[in-house]
Number of protein chains: 2
Amino acid sequence: MTKLNPSKLAMVPFVSVDNMMRLIHFVGLETMLTEIADYIEEDFKRWELFDKTPRVASHSSEGVIELMPTSDGEVYGFKYVNGHPKNTKEGLQTVTAFGLLANVGNGYPVLLSEMTILTALRTAATSAMVAKHLAPKGAKTLAMIGNGAQSEFQALAMKAIVGVEKLRLFDIDSAATAKAMKNLEGQGLELVACKTPEEAIEGAQIITTCTADKQYATILTDNMVGAGVHINAIGGDCPGKTELHADILKRSDVFVEYPPQTRVEGEIQQMPEDFAVTEMWQVINGTAKGRTSDRQITLFDGVGFAVEDFSALRYVRDRLKNTMFYQDLDMLADPDDPRDLFGMVQRAG
Amino acid sequence: MTKLNPSKLAMVPFVSVDNMMRLIHFVGLETMLTEIADYIEEDFKRWELFDKTPRVASHSSEGVIELMPTSDGEVYGFKYVNGHPKNTKEGLQTVTAFGLLANVGNGYPVLLSEMTILTALRTAATSAMVAKHLAPKGAKTLAMIGNGAQSEFQALAMKAIVGVEKLRLFDIDSAATAKAMKNLEGQGLELVACKTPEEAIEGAQIITTCTADKQYATILTDNMVGAGVHINAIGGDCPGKTELHADILKRSDVFVEYPPQTRVEGEIQQMPEDFAVTEMWQVINGTAKGRTSDRQITLFDGVGFAVEDFSALRYVRDRLKNTMFYQDLDMLADPDDPRDLFGMVQRAG
C-alpha cells in the first residue's frame, strides 16, 4: 500500500506562538496555570521514575544556550532555551525557548511547541505549586522584586493557586513596575508600586525575587528578611548569577528541584557542597517535611528543571486534543519502505 | 514603533522533508554531497574552535534518543536523533532526526531543518571525505555491506568525492540488495550483487560496513580482510553495537572523529581505553599522518559527530538563500517591549 506523501507518520503537530496564545485564551490563563501546576505536581510525585540529568549548557560571554532533556520511560521531552540578559537592551527576549515530546518506544517526535510563553507559565506554576506547600498558612501578600517578563505570570499563579490577594511590586527600573501595574489592572489583585525593595517586602508572607542580571547580585540582604516568610528565589539560575545574600540561606530551610543542578546554578552555589537542602518532590510525596513552624523561613531555590517542561508539554499535548491550535509539520521522512530513503528522495525529483 | 505581529524576529526558517528533497533536486545529489563534504572538511580544519561534548543519550530497551550539540563560538547547533533498530519491522525509520542552528550572540534560533535525509547525506559526505584522505590511491571498487537506507548515499558520495566506479553489494536480506541495485541503476556505477560478504569484498579497495543491529555483530572477521584496504565502519555507533572482529582493529590504523565519544560508541569500545587512535581532524590539518603505505589497513571508526551535523546545517542555511525551499515558523515570542510578554499574550485575546 502506498502511503500518502507526506504520510501522517511524517507529521509532527507544532504549536506556534500564535497558537499558544489562542490556547491560553481558550482555556483561561489562571485555569491554565492551575492545570499546569497539577501536571507538575503529578510528575514531582513520580519523580524517581524520570531519567534526570543536569541541563547541557553552552556558555558564551553574552549568555547561555541550554538543552534540558528528560524521560519518564514512555515519553521523552527536551527544551531548547537561551538566557541572554543583554538582549533586552537590543529589543530582544532574554529567554526564548521551544520544546519537543517524543515516543520513547520508536523515537518519533509527537509534539513541537514554542516554549517562550510556556516557560513563563510553567515557571509561575512551579513557584505557586511549591508556595502552596511551603508558604505560611493564609498568605495573602506577595512581594515581587523584579517586574520583567515573568512577573505578571508569577503574580497570577500565586493568586490562582495560593490565594494571594495583594501584590507589592519593585524593580530598579520603575518603567518595568509601571508596565506590570498596567498589565495586572483588573485582574483581581490589590496592587502597590514600591520605591525600594524594603518597602515591597513590608507585610509580605511570600517574597519572589526574579531579576535577570548575570552577576552576583544582592537583591535581598539578611536584615531585610523577617521570620515566617516564604522566599521564592527564581532569578538566580546559572553559574555566577545569584540574588540573595548568603546569610539568608543560612537562616532558611532551603528547598530545591534537583540538587546536582541547583548546586551549580542556584542561590546555593554560594554555599559549601554539603549545605543541607530538601528535595521538593519528597515534600510533595510526604517523605520529607516542608514548613514546620510559623517562624521558619522557607526558601525555594528554583532554577527550573527539565521535568517541569516535560509536565507543561504533556499538558499542552493533552489540551490540544479536539482543538485547532496547532499545525502539522512535515518534519519526518517516512518512505513507503523504511529502508528506501533514497528511493523516496529520488521519486520526489 | 509597533512591530508586525508575528514580527520577522519571531520567525524561524524551517526546511521540511519535502523542501529538503526539493533542495537536493535543485542542487543535484552528487553536487550536494560534494559541497557538504567541503563544509565538513572546513569545520574539521578548525576543529579546535568547537565546543565539543559527547552526545547526550537517553537509552531504553528499544533504542536511543540523542541530542548532539556543538558551537563554533558564533553559531550554535544541535541535532535530535533517534536510533531504533526494531522500527524497520514496524514500517518506521530506524533513524529520524531534525536539527537547529542558533545565533550564539543572542540565543535566537536561525534555522530548523529536517535531518533524517540530511543525516544520510552528511554521513555519506563524511565517509567519502575521510576516504579521500585515507583510501589507497586510485581506489575504484567499493564493497558495501549492509544495503539499508544509508547505502545508496554512501555509494554516490564515494563516486563523487573519491572516484569509485564499481560497487559490490551484500546484505543478509537480499531484498535490501535488490532495492539498492534498482535505486542505483543508471547512476554511473558498475553494480554487482553478491551472495556473501566474502564475495562482496573481492577486489575492493574500500569496504563500507553499514548494518543496523543493536548487538555485538561480526560483519567482518580478520581472515576476510587483506592488506592495503580502507575500511569505512559506520554501523557500530552505540554501546553494544559493533560490526568488526577485534583482531581487525589490532591490524589496522584506526582513525576517529572525537575519541571520548568513539571509545564509548565505536568499534574501539571492544579495545582497551588506551588503544591508539588518530583524530581525523589532525590528518586533514596535516598535523598527523594518514595512510603511509600501500599495505596498510586504514580504518575509519565513524560514529557521527555533532560537528558534521553543524557543517550540514550551515551548508543548508547558506544554500537556502534566494530559494523558496523553506517556510517561516512563528516559533519565537517577540513582543514590542521584550519585558512585556504578558502584555503580548493579553492583547492577543
# chains A, B, ... in the order shown; residues from 1 in each chain; ligands from 1

call {"tool": "select_by_dssp", "arguments": {"residues": "segment 102-226 of chain B", "states": "strand (DSSP E or B)", "output": "PyMOL selection string"}}
result
chain B and resi 102-103+109-114+141-145+166-170+190-193+206-209+216-220

call {"tool": "residues_around", "arguments": {"residues": "Gln154 of chain B", "least_positions_apart": "4", "cutoff": "8 Å", "atoms": "only C-alpha atoms", "output": "PyMOL selection string"}}
result
chain B and resi 123-125+127-128+150+158

call {"tool": "write_last_selection", "arguments": {"atoms": "all heavy atoms", "output": "PDB file, in the first residue's frame"}}
result
ATOM      1  N   THR B 123      26.428  11.846   6.628  1.00  0.00           N
ATOM      2  CA  THR B 123      27.165  10.622   6.959  1.00  0.00           C
ATOM      3  C   THR B 123      27.927  10.124   5.735  1.00  0.00           C
ATOM      4  O   THR B 123      29.112   9.769   5.823  1.00  0.00           O
ATOM      5  CB  THR B 123      26.196   9.540   7.477  1.00  0.00           C
ATOM      6  OG1 THR B 123      25.491  10.064   8.592  1.00  0.00           O
ATOM      7  CG2 THR B 123      26.946   8.281   7.893  1.00  0.00           C
ATOM      8  N   ALA B 124      27.258  10.141   4.584  1.00  0.00           N
ATOM      9  CA  ALA B 124      27.911   9.725   3.339  1.00  0.00           C
ATOM     10  C   ALA B 124      29.032  10.699   2.981  1.00  0.00           C
ATOM     11  O   ALA B 124      30.129  10.278   2.575  1.00  0.00           O
ATOM     12  CB  ALA B 124      26.869   9.664   2.224  1.00  0.00           C
ATOM     13  N   ALA B 125      28.777  11.990   3.150  1.00  0.00           N
ATOM     14  CA  ALA B 125      29.791  13.008   2.817  1.00  0.00           C
ATOM     15  C   ALA B 125      31.014  12.850   3.725  1.00  0.00           C
ATOM     16  O   ALA B 125      32.160  12.965   3.266  1.00  0.00           O
ATOM     17  CB  ALA B 125      29.193  14.413   2.947  1.00  0.00           C
ATOM     18  N   SER B 127      32.032  10.043   5.303  1.00  0.00           N
ATOM     19  CA  SER B 127      32.718   8.811   4.920  1.00  0.00           C
ATOM     20  C   SER B 127      33.607   9.033   3.696  1.00  0.00           C
ATOM     21  O   SER B 127      34.762   8.601   3.657  1.00  0.00           O
ATOM     22  CB  SER B 127      31.698   7.706   4.592  1.00  0.00           C
ATOM     23  OG  SER B 127      31.142   7.187   5.772  1.00  0.00           O
ATOM     24  N   ALA B 128      33.051   9.719   2.712  1.00  0.00           N
ATOM     25  CA  ALA B 128      33.785   9.918   1.463  1.00  0.00           C
ATOM     26  C   ALA B 128      34.925  10.917   1.646  1.00  0.00           C
ATOM     27  O   ALA B 128      36.020  10.741   1.095  1.00  0.00           O
ATOM     28  CB  ALA B 128      32.835  10.373   0.363  1.00  0.00           C
ATOM     29  N   GLN B 150      21.018   3.946   4.260  1.00  0.00           N
ATOM     30  CA  GLN B 150      22.201   4.783   4.049  1.00  0.00           C
ATOM     31  C   GLN B 150      22.988   4.417   2.786  1.00  0.00           C
ATOM     32  O   GLN B 150      23.809   5.213   2.322  1.00  0.00           O
ATOM     33  CB  GLN B 150      23.179   4.609   5.233  1.00  0.00           C
ATOM     34  CG  GLN B 150      22.575   4.882   6.598  1.00  0.00           C
ATOM     35  CD  GLN B 150      22.494   6.360   6.889  1.00  0.00           C
ATOM     36  OE1 GLN B 150      23.398   7.109   6.576  1.00  0.00           O
ATOM     37  NE2 GLN B 150      21.380   6.786   7.457  1.00  0.00           N
ATOM     38  N   MET B 158      30.942   8.237  -2.427  1.00  0.00           N
ATOM     39  CA  MET B 158      32.244   7.646  -2.769  1.00  0.00           C
ATOM     40  C   MET B 158      32.541   7.830  -4.269  1.00  0.00           C
ATOM     41  O   MET B 158      33.687   8.047  -4.659  1.00  0.00           O
ATOM     42  CB  MET B 158      32.262   6.151  -2.413  1.00  0.00           C
ATOM     43  CG  MET B 158      32.264   5.867  -0.915  1.00  0.00           C
ATOM     44  SD  MET B 158      33.836   6.297  -0.097  1.00  0.00           S
ATOM     45  CE  MET B 158      33.507   5.672   1.576  1.00  0.00           C
TER      46      MET B 158
END

call {"tool": "residues_around", "arguments": {"residues": "segment 174-191 of chain A", "least_positions_apart": "2", "cutoff": "7 Å", "atoms": "only C-alpha atoms", "output": "list in words"}}
result
Asn147, Gly148, Glu152, Glu165, Lys166, Leu167, Arg168, Leu169, Phe170, Asp171, Ile172 and Ala193 of chain A; Gly343 of chain B

call {"tool": "interface_residues", "arguments": {"of": "chain B", "to": "chain A", "cutoff": "7 Å", "atoms": "only C-alpha atoms", "output": "ChimeraX atom specification"}}
result
/B:16-17,21,25,62,65,82,84,87-88,91-93,96,105-107,114,116-117,148-149,152,183,330-334,337-343,345,348-349

call {"tool": "closest_residue", "arguments": {"among": "A:Arg251, A:Lys79, A:Lys159, A:Arg263", "to": "Gly226 of chain A", "atoms": "only C-alpha atoms"}}
result
A:Arg251

call {"tool": "residues_around", "arguments": {"residues": "Thr31 of chain A", "least_positions_apart": "4", "cutoff": "8 Å", "atoms": "only C-alpha atoms", "output": "ChimeraX atom specification"}}
result
/A:27,35,160

call {"tool": "atom_distance", "arguments": {"atom1": "atom CA of Ile201 of chain B", "atom2": "atom CA of Val264 of chain B"}}
result
27.7 Å

call {"tool": "atom_distance", "arguments": {"atom1": "atom CA of Pro260 of chain B", "atom2": "atom CA of Gln296 of chain B"}}
result
25.0 Å

call {"tool": "closest_residue", "arguments": {"among": "A:Gly240, A:Gly266, A:Pro272, A:Pro13", "to": "Gln327 of chain A", "atoms": "only C-alpha atoms"}}
result
A:Pro13

call {"tool": "select_by_dssp", "arguments": {"residues": "segment 85-225 of chain B", "states": "alpha helix (DSSP H)", "output": "MDAnalysis selection string"}}
result
chainID B and resid 116:134 151:157 174:184 197:200

call {"tool": "atom_distance", "arguments": {"atom1": "atom CA of Ala139 of chain A", "atom2": "atom CA of Val164 of chain A"}}
result
6.4 Å

call {"tool": "decode", "arguments": {"residues": "segment 168-187 of chain B", "atoms": "C-alpha atoms", "output": "PDB file, in the first residue's frame"}}
result
ATOM      1  CA  ARG B 168      29.808  -4.714  -4.824  1.00  0.00           C
ATOM      2  CA  LEU B 169      26.730  -5.061  -2.636  1.00  0.00           C
ATOM      3  CA  PHE B 170      25.842  -7.526   0.103  1.00  0.00           C
ATOM      4  CA  ASP B 171      23.081  -7.670   2.707  1.00  0.00           C
ATOM      5  CA  ILE B 172      21.806 -10.609   4.771  1.00  0.00           C
ATOM      6  CA  ASP B 173      18.416  -9.612   3.316  1.00  0.00           C
ATOM      7  CA  SER B 174      18.654  -9.962  -0.474  1.00  0.00           C
ATOM      8  CA  ALA B 175      15.610  -7.693  -0.869  1.00  0.00           C
ATOM      9  CA  ALA B 176      17.677  -4.821   0.532  1.00  0.00           C
ATOM     10  CA  THR B 177      20.374  -5.510  -2.070  1.00  0.00           C
ATOM     11  CA  ALA B 178      17.752  -5.653  -4.834  1.00  0.00           C
ATOM     12  CA  LYS B 179      16.361  -2.293  -3.656  1.00  0.00           C
ATOM     13  CA  ALA B 180      19.814  -0.658  -3.696  1.00  0.00           C
ATOM     14  CA  MET B 181      20.619  -2.168  -7.131  1.00  0.00           C
ATOM     15  CA  LYS B 182      17.386  -0.761  -8.544  1.00  0.00           C
ATOM     16  CA  ASN B 183      17.904   2.678  -6.973  1.00  0.00           C
ATOM     17  CA  LEU B 184      21.473   2.952  -8.245  1.00  0.00           C
ATOM     18  CA  GLU B 185      20.701   1.862 -11.805  1.00  0.00           C
ATOM     19  CA  GLY B 186      21.798   4.480 -14.303  1.00  0.00           C
ATOM     20  CA  GLN B 187      23.805   6.456 -11.745  1.00  0.00           C
TER      21      GLN B 187
END
